[in-house]
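*Asks:* Sharing a structure below in structure tokens format, with a few things to ask.
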Amino acid sequence: MNAAAVTAAALLLSTILTTTATGQADDVAQPEWSLWPYKHVHISNELGSSVVMTVHCRGKRFLMKTKDLGVQYVGDGGEYTWRFRPGFFGVTKYPCHVTAVHGSQSVHVDFVSYSSRNRHSFVEHKNNVYWAVKRTGVYARDVTKGASGDVLKYVWVHDS
């Protein structure tokens with residue numbers, strides 16, 4: 001291959017491998033299918049009693065700057081979702097911090113909503129990962145089974 005062909009191939013490959021994490025919305029129209037398709041993470045508030053939860057997630061990828069998705073306020077019955085393309089080298093991680101107030105008690109939990117290296121901690125279905133935040137903690141949801149497929153993964157820590 002000549003130098004021009006190598007450069008063109010490298011440019012094409014770098015374009016394909018470009019990954020972007022998005023917060024609430026990604027206004028740029030992009031095809032859902034590619035060699036590295038988007039992953040979608042969904043975190044739903046199922047705390048009940050009109051409890052508003054805060055969700056703060058950050059994306060980390062190999063050799064890339066951390067992508068802060070910002071603090072999101074999710075009302076009872078609401079959902080926070082974002083999409084991203086995993087890094088080419090297989091090191092993509094989205095840790096999240098969730099807080100809520102149950103009665104007079106403030107609680108929080110830290111959990112990893114997506115990790116390309118620790119895939120047994122969540123259920124992925126058609127490039128989507130679903131989490132349900134409930135009064136007892138954070139549940140991984142298998143959408144093929146509905147709420148009956150929820151598995152408790154992380155419990156609340158009570159603030160003093």
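Chains: A, B, ... in order of the structure tokens. Residues: from 1 per chain. Ligands: from 1, in order shown.
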Can you list, as number ranges by chain, every protein, DNA or RNA residue that comes within 8 Å of range 55-65 of chain A when you count only C-alpha atoms, leaving out same-chain residues fewer than 4 positions away?
*Replies:* A: 21, 69-74, 86-87, 89-99
*Asks:* Could you turn the residues from that selection into a file that holds C-alpha atoms, as a PDB file, in the first residue's frame?
*Replies:*
ATOM      1  CA  ALA A  21     -20.956  10.063  25.218  1.00  0.00           C
ATOM      2  CA  LEU A  69     -22.813  13.904  32.136  1.00  0.00           C
ATOM      3  CA  GLY A  70     -23.800  16.380  34.849  1.00  0.00           C
ATOM      4  CA  VAL A  71     -26.331  16.134  37.656  1.00  0.00           C
ATOM      5  CA  GLN A  72     -29.801  15.072  36.527  1.00  0.00           C
ATOM      6  CA  TYR A  73     -32.999  15.331  38.571  1.00  0.00           C
ATOM      7  CA  VAL A  74     -35.412  12.477  37.865  1.00  0.00           C
ATOM      8  CA  PRO A  86     -17.815   2.004  23.656  1.00  0.00           C
ATOM      9  CA  GLY A  87     -14.119   2.636  23.205  1.00  0.00           C
ATOM     10  CA  PHE A  89      -9.884  -0.882  23.188  1.00  0.00           C
ATOM     11  CA  GLY A  90     -12.727  -2.299  25.276  1.00  0.00           C
ATOM     12  CA  VAL A  91     -12.277  -0.090  28.312  1.00  0.00           C
ATOM     13  CA  THR A  92     -15.470   1.918  28.763  1.00  0.00           C
ATOM     14  CA  LYS A  93     -17.009   2.577  32.166  1.00  0.00           C
ATOM     15  CA  TYR A  94     -19.875   4.751  33.427  1.00  0.00           C
ATOM     16  CA  PRO A  95     -19.947   5.023  37.227  1.00  0.00           C
ATOM     17  CA  CYS A  96     -22.985   6.807  38.695  1.00  0.00           C
ATOM     18  CA  HIS A  97     -23.883   8.395  42.020  1.00  0.00           C
ATOM     19  CA  VAL A  98     -27.585   8.458  42.961  1.00  0.00           C
ATOM     20  CA  THR A  99     -29.083  10.308  45.931  1.00  0.00           C
TER      21      THR A  99
END
*Asks:* For Gly137 in chain A, list every protein, DNA or RNA residue within 7 Å, evaluated using only C-alpha atoms, and leave out those in the same chain fewer than 6 positions away; present the list as a PyMOL selection string.
*Replies:* chain A and resi 152+154-156
*Asks:* Please provide the set of residues having any atom within 10 Å of His102 in chain A, restricted to only C-alpha atoms, with same-chain residues fewer than 2 positions apart removed, written as a ChimeraX atom specification.
*Replies:* /A:47-49,51-52,99-100,104-107,135,158
*Asks:* Produce a file of the selected residues containing C-alpha atoms, as a PDB file, in the first residue's frame.
*Replies:*
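And here is the file that came out, selection22.pdb:
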ATOM      1  CA  LEU A  47     -38.976   5.146  44.411  1.00  0.00           C
ATOM      2  CA  GLY A  48     -42.654   6.151  44.572  1.00  0.00           C
ATOM      3  CA  SER A  49     -44.197   8.771  46.876  1.00  0.00           C
ATOM      4  CA  VAL A  51     -39.482  11.129  45.510  1.00  0.00           C
ATOM      5  CA  VAL A  52     -37.067  12.965  43.205  1.00  0.00           C
ATOM      6  CA  THR A  99     -29.083  10.308  45.931  1.00  0.00           C
ATOM      7  CA  ALA A 100     -32.620  10.488  47.292  1.00  0.00           C
ATOM      8  CA  SER A 104     -36.337  12.383  56.658  1.00  0.00           C
ATOM      9  CA  GLN A 105     -33.471  10.034  55.744  1.00  0.00           C
ATOM     10  CA  SER A 106     -31.012  10.978  53.010  1.00  0.00           C
ATOM     11  CA  VAL A 107     -29.514   8.014  51.150  1.00  0.00           C
ATOM     12  CA  ARG A 135     -36.643   1.916  47.895  1.00  0.00           C
ATOM     13  CA  HIS A 158     -27.776   5.873  54.774  1.00  0.00           C
TER      14      HIS A 158
END
*Asks:* Point out the residue among A:Asp68, A:Ile43, A:Asp76, A:Phe111 with the least atom-to-atom distance to Asn128 in chain A, counting only C-alpha atoms.
*Replies:*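 Closest to Asn128 in chain A, using only C-alpha atoms: A:Ile43.
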*Asks:* Under the rule that only C-alpha atoms are counted, which of A:Thr81, A:Thr136, A:Thr54, A:Ser148 is the nearest residue to Ser113 in chain A?
*Replies:*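 The shortest atom-to-atom distance to Ser113 in chain A comes from A:Thr81.
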